[in-house]
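Pasted below: run-v5.pdb, PDB, C-alpha atoms.
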```
ATOM      1  CA  GLU A   1      45.523  15.020 -46.714
ATOM      2  CA  LYS A   2      48.102  17.609 -47.802
ATOM      3  CA  ILE A   3      48.439  17.912 -51.570
ATOM      4  CA  PRO A   4      51.976  18.860 -52.723
ATOM      5  CA  GLY A   5      52.100  22.399 -54.074
ATOM      6  CA  TYR A   6      48.926  23.536 -52.304
ATOM      7  CA  SER A   7      48.453  25.229 -48.939
ATOM      8  CA  TYR A   8      46.480  23.564 -46.137
ATOM      9  CA  LYS A   9      43.727  26.144 -46.682
ATOM     10  CA  GLN A  10      43.440  25.201 -50.349
ATOM     11  CA  CYS A  11      43.396  21.501 -49.485
ATOM     12  CA  VAL A  12      40.542  22.016 -47.033
ATOM     13  CA  LEU A  13      38.559  23.957 -49.626
ATOM     14  CA  PHE A  14      39.162  21.254 -52.242
ATOM     15  CA  ALA A  15      37.928  18.608 -49.801
ATOM     16  CA  LEU A  16      34.760  20.513 -48.891
ATOM     17  CA  GLU A  17      33.748  22.040 -52.234
ATOM     18  CA  LYS A  18      31.493  19.161 -53.230
ATOM     19  CA  ARG A  19      30.655  17.873 -49.765
ATOM     20  CA  ASN A  20      27.219  18.121 -48.186
ATOM     21  CA  CYS A  21      27.932  18.410 -44.485
ATOM     22  CA  LEU A  22      27.613  20.438 -41.282
ATOM     23  CA  LEU A  23      30.683  22.206 -39.876
ATOM     24  CA  ILE A  24      30.612  23.312 -36.243
ATOM     25  CA  PHE A  25      32.804  26.184 -35.026
ATOM     26  CA  ASP A  26      32.532  26.170 -31.239
ATOM     27  CA  CYS A  27      33.649  28.946 -28.850
ATOM     28  CA  CYS A  28      34.760  31.407 -31.540
ATOM     29  CA  GLU A  29      35.173  34.416 -29.241
ATOM     30  CA  PRO A  30      38.980  34.122 -28.699
ATOM     31  CA  VAL A  31      39.595  34.157 -32.479
ATOM     32  CA  TYR A  32      36.382  35.752 -33.721
ATOM     33  CA  GLU A  33      38.025  37.830 -36.481
ATOM     34  CA  LYS A  34      39.834  34.849 -37.972
ATOM     35  CA  ALA A  35      36.741  32.664 -37.528
ATOM     36  CA  SER A  36      34.624  35.204 -39.422
ATOM     37  CA  GLN A  37      37.120  35.253 -42.291
ATOM     38  CA  ILE A  38      37.233  31.458 -42.530
ATOM     39  CA  ILE A  39      33.440  31.157 -42.451
ATOM     40  CA  ARG A  40      33.075  33.769 -45.201
ATOM     41  CA  VAL A  41      35.516  31.928 -47.476
ATOM     42  CA  LEU A  42      33.830  28.572 -46.804
ATOM     43  CA  ARG A  43      30.392  29.977 -47.619
ATOM     44  CA  GLU A  44      31.683  31.519 -50.859
ATOM     45  CA  ARG A  45      33.537  28.422 -52.072
ATOM     46  CA  CYS A  46      31.498  25.575 -50.606
ATOM     47  CA  SER A  47      27.824  26.210 -51.295
ATOM     48  CA  ASN A  48      26.587  22.826 -50.045
ATOM     49  CA  ILE A  49      27.923  22.996 -46.513
ATOM     50  CA  LYS A  50      26.036  24.258 -43.470
ATOM     51  CA  ILE A  51      27.883  26.068 -40.702
ATOM     52  CA  LEU A  52      26.995  26.399 -37.018
ATOM     53  CA  ALA A  53      29.174  28.852 -35.064
ATOM     54  CA  THR A  54      28.892  29.532 -31.327
ATOM     55  CA  SER A  55      30.356  32.505 -29.499
ATOM     56  CA  GLN A  56      29.816  34.520 -26.327
ATOM     57  CA  ILE A  57      30.243  37.701 -28.395
ATOM     58  CA  ASP A  58      28.838  38.802 -31.742
ATOM     59  CA  ILE A  59      31.270  37.627 -34.428
ATOM     60  CA  LYS A  60      29.632  39.815 -37.092
ATOM     61  CA  LEU A  61      28.340  37.225 -39.550
ATOM     62  CA  GLN A  62      25.255  39.209 -40.586
ATOM     63  CA  ALA A  63      26.952  40.344 -43.826
ATOM     64  CA  ILE A  64      27.222  36.739 -45.016
ATOM     65  CA  GLU A  65      24.344  35.760 -47.284
ATOM     66  CA  GLY A  66      22.001  33.339 -45.563
ATOM     67  CA  ALA A  67      23.515  33.870 -42.107
ATOM     68  CA  THR A  68      21.164  34.038 -39.123
ATOM     69  CA  THR A  69      22.094  35.080 -35.592
ATOM     70  CA  LEU A  70      20.251  33.374 -32.728
ATOM     71  CA  ASP A  71      20.681  34.831 -29.249
ATOM     72  CA  LEU A  72      20.494  31.925 -26.827
ATOM     73  CA  GLY A  73      19.035  33.133 -23.572
ATOM     74  CA  GLY A  74      18.795  31.120 -20.382
ATOM     75  CA  LEU A  75      16.176  28.493 -19.642
ATOM     76  CA  LEU A  76      12.608  29.703 -19.137
ATOM     77  CA  LEU A  77      12.270  31.232 -15.661
ATOM     78  CA  PRO A  78       9.450  30.744 -13.124
ATOM     79  CA  PRO A  79       6.830  33.483 -12.650
ATOM     80  CA  VAL A  80       7.260  36.081  -9.934
ATOM     81  CA  ASP A  81       4.664  34.386  -7.735
ATOM     82  CA  VAL A  82       5.026  30.608  -7.668
ATOM     83  CA  THR A  83       2.607  30.084  -4.783
ATOM     84  CA  PRO A  84      -0.432  29.164  -6.949
ATOM     85  CA  LEU A  85       1.515  26.529  -8.855
ATOM     86  CA  SER A  86       1.258  22.880  -7.858
ATOM     87  CA  LEU A  87       4.519  20.980  -7.448
ATOM     88  CA  GLU A  88       3.796  19.168 -10.718
ATOM     89  CA  GLU A  89       3.310  22.447 -12.609
ATOM     90  CA  TYR A  90       6.297  23.983 -10.866
ATOM     91  CA  CYS A  91       8.626  21.142 -11.855
ATOM     92  CA  LYS A  92       7.720  21.530 -15.534
ATOM     93  CA  ILE A  93       9.310  25.002 -15.683
ATOM     94  CA  PRO A  94      12.559  24.380 -17.662
ATOM     95  CA  SER A  95      14.972  26.214 -15.323
ATOM     96  CA  ILE A  96      13.432  24.597 -12.234
ATOM     97  CA  ALA A  97      13.391  21.140 -13.829
ATOM     98  CA  PHE A  98      17.045  21.466 -14.850
ATOM     99  CA  PHE A  99      18.139  22.721 -11.411
ATOM    100  CA  VAL A 100      16.174  20.127  -9.419
ATOM    101  CA  GLN A 101      17.461  17.283 -11.619
ATOM    102  CA  TYR A 102      21.045  18.396 -11.018
ATOM    103  CA  ILE A 103      20.450  18.574  -7.264
ATOM    104  CA  GLN A 104      18.906  15.098  -7.205
ATOM    105  CA  ASP A 105      21.811  13.686  -9.211
ATOM    106  CA  LEU A 106      24.155  14.965  -6.489
ATOM    107  CA  ARG A 107      21.859  14.367  -3.507
ATOM    108  CA  PRO A 108      19.605  11.402  -4.338
ATOM    109  CA  TYR A 109      17.809  11.846  -1.026
ATOM    110  CA  PHE A 110      16.724  15.390  -1.944
ATOM    111  CA  ILE A 111      12.929  15.755  -1.984
ATOM    112  CA  LEU A 112      11.342  18.938  -3.265
ATOM    113  CA  GLN A 113       9.005  20.384  -0.655
ATOM    114  CA  PRO A 114       6.321  23.048  -1.339
ATOM    115  CA  GLU A 115       8.056  25.525   0.986
ATOM    116  CA  MET A 116      11.185  25.338  -1.188
ATOM    117  CA  LYS A 117       9.459  26.749  -4.293
ATOM    118  CA  PRO A 118      10.210  30.462  -3.660
ATOM    119  CA  ALA A 119      13.862  29.777  -2.773
ATOM    120  CA  LEU A 120      14.515  27.644  -5.868
ATOM    121  CA  ALA A 121      12.679  30.152  -8.068
ATOM    122  CA  HIS A 122      14.808  32.966  -6.635
ATOM    123  CA  ILE A 123      18.033  31.064  -7.355
ATOM    124  CA  CYS A 124      17.017  30.342 -10.963
ATOM    125  CA  THR A 125      15.964  33.951 -11.515
ATOM    126  CA  CYS A 126      19.150  35.439 -10.018
ATOM    127  CA  LEU A 127      21.229  33.145 -12.221
ATOM    128  CA  GLU A 128      19.120  34.094 -15.268
ATOM    129  CA  GLY A 129      18.420  30.452 -16.071
ATOM    130  CA  ILE A 130      21.987  29.986 -17.348
ATOM    131  CA  PRO A 131      22.557  26.187 -17.359
ATOM    132  CA  LEU A 132      26.235  26.298 -16.326
ATOM    133  CA  ALA A 133      25.480  28.692 -13.452
ATOM    134  CA  LEU A 134      22.629  26.451 -12.275
ATOM    135  CA  ALA A 135      24.845  23.358 -12.476
ATOM    136  CA  LEU A 136      27.525  25.033 -10.349
ATOM    137  CA  ALA A 137      24.900  26.193  -7.850
ATOM    138  CA  ALA A 138      23.613  22.630  -7.602
ATOM    139  CA  GLY A 139      27.198  21.564  -6.990
ATOM    140  CA  VAL A 140      27.326  23.813  -3.926
ATOM    141  CA  LEU A 141      24.384  21.834  -2.539
ATOM    142  CA  SER A 142      26.506  18.685  -2.615
ATOM    143  CA  ASP A 143      27.641  19.980   0.789
ATOM    144  CA  PRO A 144      25.008  18.558   3.187
ATOM    145  CA  GLU A 145      25.473  21.550   5.496
ATOM    146  CA  ILE A 146      24.077  23.953   2.869
ATOM    147  CA  ASP A 147      20.366  23.903   2.038
ATOM    148  CA  VAL A 148      18.414  25.668  -0.697
ATOM    149  CA  PHE A 149      17.305  28.454   1.644
ATOM    150  CA  GLU A 150      20.858  29.337   2.656
ATOM    151  CA  LEU A 151      22.022  29.134  -0.959
ATOM    152  CA  ALA A 152      19.214  31.462  -2.084
ATOM    153  CA  GLU A 153      20.166  33.987   0.600
ATOM    154  CA  GLN A 154      23.859  33.869  -0.285
ATOM    155  CA  ILE A 155      23.175  34.212  -4.015
ATOM    156  CA  ASN A 156      20.908  37.179  -3.313
ATOM    157  CA  LEU A 157      23.640  38.936  -1.336
ATOM    158  CA  HIS A 158      26.219  38.217  -4.020
ATOM    159  CA  MET A 159      24.031  39.379  -6.902
ATOM    160  CA  ASP A 160      23.162  42.571  -5.000
ATOM    161  CA  SER A 161      26.874  43.381  -4.752
ATOM    162  CA  ILE A 162      27.231  42.841  -8.521
ATOM    163  CA  ARG A 163      24.307  45.143  -9.324
ATOM    164  CA  THR A 164      25.851  47.991  -7.331
ATOM    165  CA  GLN A 165      28.997  47.858  -9.488
ATOM    166  CA  LYS A 166      27.088  49.131 -12.573
ATOM    167  CA  ILE A 167      28.162  46.139 -14.626
ATOM    168  CA  GLY A 168      26.659  45.736 -18.108
ATOM    169  CA  GLN A 169      23.777  43.303 -18.298
ATOM    170  CA  LEU A 170      25.558  40.801 -20.527
ATOM    171  CA  ARG A 171      24.915  37.135 -19.812
ATOM    172  CA  HIS A 172      28.596  36.221 -19.941
ATOM    173  CA  THR A 173      29.311  38.982 -17.366
ATOM    174  CA  THR A 174      26.733  37.490 -15.021
ATOM    175  CA  LEU A 175      28.149  34.021 -15.628
ATOM    176  CA  ARG A 176      31.712  35.180 -14.923
ATOM    177  CA  HIS A 177      30.725  36.627 -11.550
ATOM    178  CA  VAL A 178      28.760  33.502 -10.676
ATOM    179  CA  ILE A 179      31.783  31.318 -11.519
ATOM    180  CA  ASP A 180      33.987  33.580  -9.383
ATOM    181  CA  TRP A 181      31.606  33.201  -6.488
ATOM    182  CA  MET A 182      31.182  29.418  -6.873
ATOM    183  CA  PHE A 183      34.963  29.064  -7.049
ATOM    184  CA  GLY A 184      35.043  30.340  -3.484
ATOM    185  CA  PHE A 185      33.117  27.264  -2.338
ATOM    186  CA  LEU A 186      36.013  25.026  -3.371
ATOM    187  CA  SER A 187      38.629  24.123  -0.792
ATOM    188  CA  LYS A 188      42.169  25.466  -1.281
ATOM    189  CA  GLU A 189      43.303  22.057  -2.510
ATOM    190  CA  GLU A 190      40.381  21.832  -4.954
ATOM    191  CA  GLN A 191      41.086  25.346  -6.250
ATOM    192  CA  TRP A 192      44.754  24.497  -6.694
ATOM    193  CA  ILE A 193      44.040  21.431  -8.833
ATOM    194  CA  THR A 194      41.166  23.094 -10.729
ATOM    195  CA  CYS A 195      43.441  25.939 -11.811
ATOM    196  CA  GLN A 196      45.834  23.466 -13.406
ATOM    197  CA  LEU A 197      43.289  21.397 -15.318
ATOM    198  CA  TRP A 198      43.192  23.906 -18.189
ATOM    199  CA  VAL A 199      46.279  22.216 -19.628
ATOM    200  CA  PHE A 200      44.178  19.178 -20.635
ATOM    201  CA  ARG A 201      42.208  19.828 -23.821
ATOM    202  CA  GLY A 202      40.415  16.596 -24.580
ATOM    203  CA  GLY A 203      39.968  15.172 -21.109
ATOM    204  CA  TRP A 204      42.207  13.393 -18.643
ATOM    205  CA  THR A 205      42.599  10.486 -16.259
ATOM    206  CA  ARG A 206      43.775  10.485 -12.652
ATOM    207  CA  ASP A 207      47.180   9.216 -13.774
ATOM    208  CA  SER A 208      47.656  12.134 -16.173
ATOM    209  CA  VAL A 209      46.731  14.640 -13.449
ATOM    210  CA  GLU A 210      49.195  13.024 -11.066
ATOM    211  CA  ALA A 211      51.919  13.168 -13.741
ATOM    212  CA  VAL A 212      51.339  16.745 -14.904
ATOM    213  CA  CYS A 213      49.792  18.773 -12.094
ATOM    214  CA  ILE A 214      51.674  20.024  -9.079
ATOM    215  CA  ALA A 215      49.960  18.542  -6.043
ATOM    216  CA  ALA A 216      50.743  18.867  -2.351
ATOM    217  CA  ASP A 217      49.332  15.381  -1.804
ATOM    218  CA  PRO A 218      49.383  13.209  -4.962
ATOM    219  CA  LEU A 219      47.546  10.476  -3.071
ATOM    220  CA  GLY A 220      44.543  12.773  -2.673
ATOM    221  CA  ILE A 221      44.056  13.409  -6.412
ATOM    222  CA  SER A 222      41.309  10.780  -6.793
ATOM    223  CA  LEU A 223      39.274  12.275  -3.960
ATOM    224  CA  ILE A 224      39.674  15.810  -5.321
ATOM    225  CA  LEU A 225      38.597  14.758  -8.826
ATOM    226  CA  ASP A 226      35.534  12.983  -7.448
ATOM    227  CA  THR A 227      34.648  16.047  -5.381
ATOM    228  CA  LEU A 228      35.060  18.404  -8.355
ATOM    229  CA  ASN A 229      32.811  16.065 -10.332
ATOM    230  CA  GLN A 230      30.166  16.261  -7.588
ATOM    231  CA  LYS A 231      30.411  20.057  -7.603
ATOM    232  CA  SER A 232      29.945  20.178 -11.411
ATOM    233  CA  TRP A 233      33.364  21.738 -12.115
ATOM    234  CA  ILE A 234      34.330  18.675 -14.125
ATOM    235  CA  ARG A 235      32.393  15.748 -15.608
ATOM    236  CA  ARG A 236      33.195  12.061 -15.437
ATOM    237  CA  ILE A 237      32.763  10.850 -19.011
ATOM    238  CA  GLN A 238      34.108   7.301 -18.668
ATOM    239  CA  GLU A 239      34.255   4.739 -15.878
ATOM    240  CA  GLU A 240      36.122   1.772 -17.335
ATOM    241  CA  PRO A 241      38.866   0.756 -17.825
ATOM    242  CA  ARG A 242      39.996   4.048 -16.260
ATOM    243  CA  ARG A 243      37.950   6.955 -15.069
ATOM    244  CA  ARG A 244      38.168   9.816 -17.508
ATOM    245  CA  TYR A 245      37.131  13.407 -16.867
ATOM    246  CA  GLN A 246      36.398  16.504 -18.911
ATOM    247  CA  THR A 247      35.473  20.127 -18.276
ATOM    248  CA  LEU A 248      33.494  22.714 -20.203
ATOM    249  CA  ASP A 249      35.523  25.127 -22.297
ATOM    250  CA  THR A 250      34.178  28.104 -20.305
ATOM    251  CA  LEU A 251      35.520  26.616 -17.065
ATOM    252  CA  ARG A 252      38.773  25.619 -18.725
ATOM    253  CA  LYS A 253      39.398  29.226 -19.798
ATOM    254  CA  TYR A 254      38.508  30.422 -16.320
ATOM    255  CA  SER A 255      40.958  27.949 -14.757
ATOM    256  CA  ARG A 256      43.738  29.166 -17.017
ATOM    257  CA  GLU A 257      43.126  32.783 -15.993
ATOM    258  CA  ARG A 258      43.122  31.884 -12.309
ATOM    259  CA  TRP A 259      46.307  29.806 -12.691
ATOM    260  CA  GLN A 260      48.141  32.952 -13.811
ATOM    261  CA  GLU A 261      47.449  34.443 -10.368
ATOM    262  CA  TYR A 262      49.617  31.814  -8.658
ATOM    263  CA  PRO A 263      53.350  32.571  -8.358
ATOM    264  CA  GLU A 264      53.994  28.946  -9.275
ATOM    265  CA  SER A 265      52.621  29.612 -12.761
ATOM    266  CA  GLN A 266      55.793  31.570 -13.531
ATOM    267  CA  ALA A 267      58.114  28.860 -12.228
ATOM    268  CA  HIS A 268      56.364  25.826 -13.731
ATOM    269  CA  SER A 269      55.243  25.427 -17.339
ATOM    270  CA  LEU A 270      52.271  23.104 -17.320
ATOM    271  CA  PRO A 271      52.257  22.667 -21.124
ATOM    272  CA  GLN A 272      55.867  21.464 -20.964
ATOM    273  CA  ARG A 273      55.014  19.057 -18.139
ATOM    274  CA  HIS A 274      52.100  17.863 -20.244
TER     275      HIS A 274
END
```
Using structure tokens, write down the structure from this file.
Amino acid sequence: EKIPGYSYKQCVLFALEKRNCLLIFDCCEPVYEKASQIIRVLRERCSNIKILATSQIDIKLQAIEGATTLDLGGLLLPPVDVTPLSLEEYCKIPSIAFFVQYIQDLRPYFILQPEMKPALAHICTCLEGIPLALALAAGVLSDPEIDVFELAEQINLHMDSIRTQKIGQLRHTTLRHVIDWMFGFLSKEEQWITCQLWVFRGGWTRDSVEAVCIAADPLGISLILDTLNQKSWIRRIQEEPRRRYQTLDTLRKYSRERWQEYPESQAHSLPQRH
């Protein structure tokens, strides 16, 4: 609550000075300089609080006493040769287990066969075990006409083209190119709606999408949202009384960037419509 005569910053510090709590700063990279300043002040004034900050870039917190930087890599990858592994051993590898579970959630009839082991291992390795990349790849397999062997071949061709561009080996660079590529698997209508969903911060319902987004066929919104959910671009977080959806912040930022490529983005202000 705002105290007369004090700034909001001072009020926050007053409220936290004697608290014993955990503060989470998520996705700091767009405002990393300001985030670093705020975290420094909080650590100096509020000795009892713990802070967890996430960022795709280094936000330079090493100078803060007690700060520890943890580089979160991808899920553990399978060995180069998976042939000796039994299916049971194979499915215990974290990246494989994550990927197979996502596939089975989308295709309940999917049964892992021994001959699939090299293809799935190749996909997980190419995508560096990055959970979001694996989830999007599993979403591609929601199309019954694409199998794991074809997906592995296509990912291999795509990753080869990335390697020839002398791109730095940063995980977020790999992820960006994977998202670009997976975006191409969406239909034009799905791309069009996806690029407008960035305007919703805390989630949305079908009615809000119909009211805010520009759609060629408003009656097809429900089908598009269900399809995007199947392809892991969005998540259904509530069924009743109305279906509610949400997307990861990484995909939301990507959608906003892609929306700027449409001429309509200059003529229509989505935030105003929202």
What does the structure give for the distance between CA of Asp71 (chain A) and CA of Leu175 (chain A), in Å to one decimal?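 A separation of 15.6 Å between them.
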Could you list, as number ranges by chain, every residue within 7 Å of Leu141 (chain A), counting all atoms listed in the file and ignoring same-chain residues fewer than 5 positions away? A: 103, 146-147
Once you add 5 Å to each side, what are the centre and edge lengths of the axis-aligned box holding all listed atoms of region 109-118 of chain A? One decimal in Å, as JSON, if you can.
```
{"center_x": 12.1, "center_y": 21.2, "center_z": -1.7, "size_x": 21.5, "size_y": 28.6, "size_z": 15.3}
```
Show me the residues around (39.5, 22.2, -48.4) - criterion: an atom at most 10 Å away, all atoms listed in the file counted - as a list in words. Glu1, Lys2, Ser7, Tyr8, Lys9, Gln10, Cys11, Val12, Leu13, Phe14, Ala15, Leu16, Glu17, Lys18, Arg19, Leu42, Arg45 and Cys46 of chain A
What would the file look like if the residues just selected were written as a PDB file, in the frame of the given file with C-alpha atoms?
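Below is the file that was written, result27.pdb:
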```pdb
ATOM      1  CA  GLU A   1      45.523  15.020 -46.714  1.00  0.00           C
ATOM      2  CA  LYS A   2      48.102  17.609 -47.802  1.00  0.00           C
ATOM      3  CA  SER A   7      48.453  25.229 -48.939  1.00  0.00           C
ATOM      4  CA  TYR A   8      46.480  23.564 -46.137  1.00  0.00           C
ATOM      5  CA  LYS A   9      43.727  26.144 -46.682  1.00  0.00           C
ATOM      6  CA  GLN A  10      43.440  25.201 -50.349  1.00  0.00           C
ATOM      7  CA  CYS A  11      43.396  21.501 -49.485  1.00  0.00           C
ATOM      8  CA  VAL A  12      40.542  22.016 -47.033  1.00  0.00           C
ATOM      9  CA  LEU A  13      38.559  23.957 -49.626  1.00  0.00           C
ATOM     10  CA  PHE A  14      39.162  21.254 -52.242  1.00  0.00           C
ATOM     11  CA  ALA A  15      37.928  18.608 -49.801  1.00  0.00           C
ATOM     12  CA  LEU A  16      34.760  20.513 -48.891  1.00  0.00           C
ATOM     13  CA  GLU A  17      33.748  22.040 -52.234  1.00  0.00           C
ATOM     14  CA  LYS A  18      31.493  19.161 -53.230  1.00  0.00           C
ATOM     15  CA  ARG A  19      30.655  17.873 -49.765  1.00  0.00           C
ATOM     16  CA  LEU A  42      33.830  28.572 -46.804  1.00  0.00           C
ATOM     17  CA  ARG A  45      33.537  28.422 -52.072  1.00  0.00           C
ATOM     18  CA  CYS A  46      31.498  25.575 -50.606  1.00  0.00           C
TER      19      CYS A  46
END
```
Between A:Gln196, A:Cys21, A:Tyr6, A:Ala67, which is the closest to Asn48 (chain A) once you count all atoms listed in the file?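 Looking at the shortest contact to Asn48 (chain A), the residue is A:Cys21.
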For a test of reading the model, state the distance in Å between CA of Ile193 (chain A) and CA of Leu228 (chain A), rounded to one decimal.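 According to the coordinates, CA of Ile193 (chain A) and CA of Leu228 (chain A) are separated by 9.5 Å.
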Using all atoms listed in the file for the distances, tell me which of A:Leu61, A:Met182, A:Ala119, A:Ile39 is nearest to Asp81 (chain A). A:Ala119
Exercise: Leu52 (chain A) partners within 10 Å, all atoms listed in the file, chain neighbours under 2 positions left out, as a PyMOL selection string: chain A and resi 22-26+39+50+54+67-68
By how many Å are CA of Cys124 (chain A) and CA of Ser95 (chain A) apart?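 Calculated distance between CA of Cys124 (chain A) and CA of Ser95 (chain A) is 6.3 Å.
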Taking all atoms listed in the file into account, which of A:Gln101, A:Ser36, A:Ser265, A:Thr194 comes nearest Gln246 (chain A)?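 With all atoms listed in the file as the atom set, the closest residue is A:Thr194.
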Residue contacts of Ser55 (chain A) (7 Å, all atoms listed in the file) excluding same-chain residues fewer than 5 positions away, as a PyMOL selection string: chain A and resi 26-29
His122 (chain A) surroundings by all atoms listed in the file, 9 Å radius, close-in-sequence under 6 positions cut, as number ranges by chain: A: 78, 80, 152, 155-156
So, with all atoms listed in the file as the atoms that count, which of A:Lys34, A:Lys117, A:Lys188, A:Lys231 lies closest to Pro84 (chain A)?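 Of all the options, A:Lys117 lies closest to Pro84 (chain A).
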